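What's in query26.pdb: PDB, N, CA and C atoms, pLDDT in the B column
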ATOM      1  N   MET A   1       0.839  -1.170   0.000  1.00 64.00           N
ATOM      2  CA  MET A   1       0.000   0.000   0.000  1.00 64.00           C
ATOM      3  C   MET A   1       0.891   1.242   0.000  1.00 64.00           C
ATOM      4  N   PRO A   2       1.076   1.858  -1.121  1.00 91.00           N
ATOM      5  CA  PRO A   2       1.907   3.068  -1.109  1.00 91.00           C
ATOM      6  C   PRO A   2       1.179   4.226  -0.433  1.00 91.00           C
ATOM      7  N   TRP A   3       1.927   4.972   0.362  1.00 95.00           N
ATOM      8  CA  TRP A   3       1.368   6.115   1.055  1.00 95.00           C
ATOM      9  C   TRP A   3       1.492   7.365   0.197  1.00 95.00           C
ATOM     10  N   THR A   4       0.595   8.306   0.427  1.00 97.00           N
ATOM     11  CA  THR A   4       0.625   9.590  -0.256  1.00 97.00           C
ATOM     12  C   THR A   4       0.900  10.672   0.788  1.00 97.00           C
ATOM     13  N   PRO A   5       1.274  11.864   0.356  1.00 97.00           N
ATOM     14  CA  PRO A   5       1.481  12.944   1.331  1.00 97.00           C
ATOM     15  C   PRO A   5       0.249  13.217   2.189  1.00 97.00           C
ATOM     16  N   ASP A   6      -0.943  12.956   1.663  1.00 96.00           N
ATOM     17  CA  ASP A   6      -2.165  13.181   2.441  1.00 96.00           C
ATOM     18  C   ASP A   6      -2.295  12.228   3.624  1.00 96.00           C
ATOM     19  N   ASP A   7      -1.543  11.131   3.629  1.00 96.00           N
ATOM     20  CA  ASP A   7      -1.588  10.177   4.735  1.00 96.00           C
ATOM     21  C   ASP A   7      -0.739  10.619   5.929  1.00 96.00           C
ATOM     22  N   ALA A   8       0.199  11.517   5.711  1.00 96.00           N
ATOM     23  CA  ALA A   8       1.148  11.895   6.760  1.00 96.00           C
ATOM     24  C   ALA A   8       0.483  12.420   8.027  1.00 96.00           C
ATOM     25  N   PRO A   9      -0.491  13.345   7.951  1.00 96.00           N
ATOM     26  CA  PRO A   9      -1.079  13.863   9.196  1.00 96.00           C
ATOM     27  C   PRO A   9      -1.759  12.803  10.055  1.00 96.00           C
ATOM     28  N   LYS A  10      -2.141  11.685   9.469  1.00 96.00           N
ATOM     29  CA  LYS A  10      -2.760  10.606  10.248  1.00 96.00           C
ATOM     30  C   LYS A  10      -1.735   9.933  11.157  1.00 96.00           C
ATOM     31  N   HIS A  11      -0.449  10.069  10.802  1.00 95.00           N
ATOM     32  CA  HIS A  11       0.602   9.354  11.520  1.00 95.00           C
ATOM     33  C   HIS A  11       1.522  10.259  12.332  1.00 95.00           C
ATOM     34  N   THR A  12       1.605  11.531  11.965  1.00 95.00           N
ATOM     35  CA  THR A  12       2.434  12.462  12.725  1.00 95.00           C
ATOM     36  C   THR A  12       1.903  13.875  12.581  1.00 95.00           C
ATOM     37  N   HIS A  13       1.850  14.593  13.689  1.00 95.00           N
ATOM     38  CA  HIS A  13       1.384  15.976  13.645  1.00 95.00           C
ATOM     39  C   HIS A  13       2.484  16.932  13.196  1.00 95.00           C
ATOM     40  N   LYS A  14       3.718  16.438  13.108  1.00 95.00           N
ATOM     41  CA  LYS A  14       4.837  17.302  12.712  1.00 95.00           C
ATOM     42  C   LYS A  14       4.900  17.539  11.208  1.00 95.00           C
ATOM     43  N   ALA A  15       4.181  16.745  10.446  1.00 95.00           N
ATOM     44  CA  ALA A  15       4.146  16.945   8.991  1.00 95.00           C
ATOM     45  C   ALA A  15       3.097  18.005   8.683  1.00 95.00           C
ATOM     46  N   ASP A  16       3.466  19.257   8.943  1.00 94.00           N
ATOM     47  CA  ASP A  16       2.487  20.336   8.826  1.00 94.00           C
ATOM     48  C   ASP A  16       2.684  21.218   7.601  1.00 94.00           C
ATOM     49  N   THR A  17       3.656  20.876   6.744  1.00 96.00           N
ATOM     50  CA  THR A  17       3.822  21.595   5.478  1.00 96.00           C
ATOM     51  C   THR A  17       3.766  20.577   4.347  1.00 96.00           C
ATOM     52  N   GLN A  18       3.521  21.048   3.158  1.00 97.00           N
ATOM     53  CA  GLN A  18       3.456  20.132   2.010  1.00 97.00           C
ATOM     54  C   GLN A  18       4.802  19.430   1.796  1.00 97.00           C
ATOM     55  N   GLU A  19       5.899  20.158   2.022  1.00 96.00           N
ATOM     56  CA  GLU A  19       7.230  19.561   1.852  1.00 96.00           C
ATOM     57  C   GLU A  19       7.451  18.418   2.839  1.00 96.00           C
ATOM     58  N   LEU A  20       7.053  18.624   4.102  1.00 97.00           N
ATOM     59  CA  LEU A  20       7.219  17.572   5.102  1.00 97.00           C
ATOM     60  C   LEU A  20       6.291  16.392   4.823  1.00 97.00           C
ATOM     61  N   LYS A  21       5.104  16.658   4.321  1.00 97.00           N
ATOM     62  CA  LYS A  21       4.185  15.569   3.962  1.00 97.00           C
ATOM     63  C   LYS A  21       4.768  14.739   2.824  1.00 97.00           C
ATOM     64  N   GLN A  22       5.352  15.400   1.836  1.00 97.00           N
ATOM     65  CA  GLN A  22       5.962  14.682   0.717  1.00 97.00           C
ATOM     66  C   GLN A  22       7.166  13.881   1.187  1.00 97.00           C
ATOM     67  N   LEU A  23       7.967  14.465   2.071  1.00 97.00           N
ATOM     68  CA  LEU A  23       9.115  13.756   2.626  1.00 97.00           C
ATOM     69  C   LEU A  23       8.653  12.522   3.396  1.00 97.00           C
ATOM     70  N   TRP A  24       7.609  12.679   4.198  1.00 97.00           N
ATOM     71  CA  TRP A  24       7.092  11.548   4.977  1.00 97.00           C
ATOM     72  C   TRP A  24       6.694  10.398   4.052  1.00 97.00           C
ATOM     73  N   ALA A  25       5.947  10.712   2.990  1.00 97.00           N
ATOM     74  CA  ALA A  25       5.492   9.674   2.060  1.00 97.00           C
ATOM     75  C   ALA A  25       6.676   9.014   1.365  1.00 97.00           C
ATOM     76  N   LYS A  26       7.659   9.796   0.971  1.00 97.00           N
ATOM     77  CA  LYS A  26       8.836   9.259   0.279  1.00 97.00           C
ATOM     78  C   LYS A  26       9.587   8.286   1.182  1.00 97.00           C
ATOM     79  N   VAL A  27       9.854   8.700   2.418  1.00 97.00           N
ATOM     80  CA  VAL A  27      10.593   7.848   3.353  1.00 97.00           C
ATOM     81  C   VAL A  27       9.788   6.591   3.683  1.00 97.00           C
ATOM     82  N   ALA A  28       8.505   6.747   3.943  1.00 97.00           N
ATOM     83  CA  ALA A  28       7.669   5.593   4.294  1.00 97.00           C
ATOM     84  C   ALA A  28       7.630   4.584   3.154  1.00 97.00           C
ATOM     85  N   ASN A  29       7.442   5.039   1.938  1.00 97.00           N
ATOM     86  CA  ASN A  29       7.354   4.121   0.800  1.00 97.00           C
ATOM     87  C   ASN A  29       8.699   3.459   0.508  1.00 97.00           C
ATOM     88  N   GLU A  30       9.789   4.211   0.611  1.00 97.00           N
ATOM     89  CA  GLU A  30      11.106   3.611   0.377  1.00 97.00           C
ATOM     90  C   GLU A  30      11.431   2.568   1.442  1.00 97.00           C
ATOM     91  N   THR A  31      11.090   2.855   2.685  1.00 97.00           N
ATOM     92  CA  THR A  31      11.353   1.895   3.764  1.00 97.00           C
ATOM     93  C   THR A  31      10.482   0.654   3.594  1.00 97.00           C
ATOM     94  N   LEU A  32       9.232   0.846   3.204  1.00 97.00           N
ATOM     95  CA  LEU A  32       8.357  -0.311   2.977  1.00 97.00           C
ATOM     96  C   LEU A  32       8.902  -1.179   1.849  1.00 97.00           C
ATOM     97  N   ASP A  33       9.358  -0.568   0.783  1.00 97.00           N
ATOM     98  CA  ASP A  33       9.937  -1.339  -0.327  1.00 97.00           C
ATOM     99  C   ASP A  33      11.166  -2.116   0.127  1.00 97.00           C
ATOM    100  N   ARG A  34      11.979  -1.477   0.965  1.00 97.00           N
ATOM    101  CA  ARG A  34      13.238  -2.087   1.396  1.00 97.00           C
ATOM    102  C   ARG A  34      13.021  -3.197   2.424  1.00 97.00           C
ATOM    103  N   THR A  35      12.078  -2.986   3.357  1.00 97.00           N
ATOM    104  CA  THR A  35      11.940  -3.919   4.477  1.00 97.00           C
ATOM    105  C   THR A  35      10.683  -4.772   4.419  1.00 97.00           C
ATOM    106  N   GLY A  36       9.634  -4.280   3.769  1.00 96.00           N
ATOM    107  CA  GLY A  36       8.367  -4.995   3.761  1.00 96.00           C
ATOM    108  C   GLY A  36       7.590  -4.867   5.062  1.00 96.00           C
ATOM    109  N   ASN A  37       8.034  -3.987   5.957  1.00 97.00           N
ATOM    110  CA  ASN A  37       7.430  -3.846   7.280  1.00 97.00           C
ATOM    111  C   ASN A  37       6.747  -2.481   7.371  1.00 97.00           C
ATOM    112  N   GLU A  38       5.421  -2.464   7.393  1.00 96.00           N
ATOM    113  CA  GLU A  38       4.681  -1.201   7.426  1.00 96.00           C
ATOM    114  C   GLU A  38       4.928  -0.406   8.704  1.00 96.00           C
ATOM    115  N   GLY A  39       4.978  -1.082   9.839  1.00 96.00           N
ATOM    116  CA  GLY A  39       5.211  -0.388  11.103  1.00 96.00           C
ATOM    117  C   GLY A  39       6.555   0.299  11.124  1.00 96.00           C
ATOM    118  N   ARG A  40       7.573  -0.388  10.660  1.00 97.00           N
ATOM    119  CA  ARG A  40       8.914   0.204  10.600  1.00 97.00           C
ATOM    120  C   ARG A  40       8.926   1.386   9.635  1.00 97.00           C
ATOM    121  N   ALA A  41       8.233   1.249   8.511  1.00 97.00           N
ATOM    122  CA  ALA A  41       8.193   2.333   7.524  1.00 97.00           C
ATOM    123  C   ALA A  41       7.590   3.592   8.132  1.00 97.00           C
ATOM    124  N   ILE A  42       6.515   3.442   8.878  1.00 97.00           N
ATOM    125  CA  ILE A  42       5.868   4.593   9.511  1.00 97.00           C
ATOM    126  C   ILE A  42       6.781   5.201  10.573  1.00 97.00           C
ATOM    127  N   ARG A  43       7.411   4.357  11.377  1.00 97.00           N
ATOM    128  CA  ARG A  43       8.304   4.863  12.431  1.00 97.00           C
ATOM    129  C   ARG A  43       9.479   5.626  11.839  1.00 97.00           C
ATOM    130  N   GLU A  44      10.080   5.083  10.783  1.00 97.00           N
ATOM    131  CA  GLU A  44      11.221   5.767  10.176  1.00 97.00           C
ATOM    132  C   GLU A  44      10.794   7.085   9.545  1.00 97.00           C
ATOM    133  N   ALA A  45       9.653   7.088   8.879  1.00 97.00           N
ATOM    134  CA  ALA A  45       9.166   8.331   8.268  1.00 97.00           C
ATOM    135  C   ALA A  45       8.877   9.374   9.347  1.00 97.00           C
ATOM    136  N   ASN A  46       8.268   8.954  10.447  1.00 97.00           N
ATOM    137  CA  ASN A  46       7.983   9.877  11.540  1.00 97.00           C
ATOM    138  C   ASN A  46       9.282  10.454  12.120  1.00 97.00           C
ATOM    139  N   ALA A  47      10.311   9.599  12.245  1.00 97.00           N
ATOM    140  CA  ALA A  47      11.581  10.060  12.792  1.00 97.00           C
ATOM    141  C   ALA A  47      12.230  11.092  11.884  1.00 97.00           C
ATOM    142  N   VAL A  48      12.228  10.832  10.590  1.00 97.00           N
ATOM    143  CA  VAL A  48      12.847  11.774   9.651  1.00 97.00           C
ATOM    144  C   VAL A  48      12.114  13.099   9.659  1.00 97.00           C
ATOM    145  N   VAL A  49      10.799  13.060   9.614  1.00 97.00           N
ATOM    146  CA  VAL A  49      10.015  14.299   9.619  1.00 97.00           C
ATOM    147  C   VAL A  49      10.208  15.034  10.943  1.00 97.00           C
ATOM    148  N   GLY A  50      10.283  14.307  12.028  1.00 95.00           N
ATOM    149  CA  GLY A  50      10.502  14.932  13.329  1.00 95.00           C
ATOM    150  C   GLY A  50      11.822  15.672  13.394  1.00 95.00           C
ATOM    151  N   ARG A  51      12.874  15.089  12.834  1.00 96.00           N
ATOM    152  CA  ARG A  51      14.165  15.762  12.815  1.00 96.00           C
ATOM    153  C   ARG A  51      14.147  16.989  11.916  1.00 96.00           C
ATOM    154  N   GLN A  52      13.451  16.906  10.786  1.00 92.00           N
ATOM    155  CA  GLN A  52      13.379  18.034   9.857  1.00 92.00           C
ATOM    156  C   GLN A  52      12.546  19.180  10.435  1.00 92.00           C
ATOM    157  N   ALA A  53      11.550  18.861  11.221  1.00 77.00           N
ATOM    158  CA  ALA A  53      10.649  19.873  11.764  1.00 77.00           C
ATOM    159  C   ALA A  53      11.296  20.712  12.866  1.00 77.00           C
ATOM    160  N   GLU A  54      12.350  20.184  13.497  1.00 78.00           N
ATOM    161  CA  GLU A  54      12.997  20.888  14.611  1.00 78.00           C
ATOM    162  C   GLU A  54      13.777  22.095  14.151  1.00 78.00           C
TER     163      GLU A  54
END
Please rewrite the model in this file as structure tokens.
Amino acid sequence: MPWTPDDAPKHTHKADTQELKQLWAKVANETLDRTGNEGRAIREANAVVGRQAE
């Protein structure tokens, strides 16, 4: 299930700009492709967006 930028706010409140939403979707989808683990993909995307938002 590929994620879109519109899915980001459901998983993290820090994705509050279009750029951060796009970054979240990119990281989540790349991690899912690499690992096959949806939970890990969401966690990694949240971590990246959290670091960028600071």
**Request:** Taking the file as shown, find all residues satisfying the PyMOL selection byres ((chain A and resi 2-8) around 7) and write them as number ranges by chain.
**Result:** A: 1, 9-13, 15, 20-26, 28-29
Please define a box with edges along x, y and z of the file around all atoms of segment 20-32 of chain A given in the file, extend it by 8 Å on each side, and return its centre and edge lengths in Å to one decimal, as lines of an AutoDock Vina configuration file.
center_x = 7.8
center_y = 8.7
center_z = 2.7
size_x = 23.2
size_y = 35.8
size_z = 20.8
**Request:** Could you check which of A:Ala41, A:Thr31, A:Lys14, A:Gly36 is closest to Ala53 of chain A, using only N, CA and C atoms?
**Result:**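 Of A:Ala41, A:Thr31, A:Lys14, A:Gly36, the one nearest Ala53 of chain A is A:Lys14, counting only N, CA and C atoms.
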**Message:** Please report the interatomic distance between atom C of Ala45 of chain A and atom C of Leu32 of chain A in Å with one decimal.
**Reply:** 12.9 Å
**DSSP alpha helix (DSSP H) residues within chain A, as number ranges by chain** = A: 8-11, 18-35, 38-53
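Computed from the coordinates, the atom N of Gly39 of chain A to atom N of Gln52 of chain A distance equals 19.9 Å.
The space separating atom CA of Glu54 of chain A from atom C of Thr35 of chain A comes to 27.7 Å.
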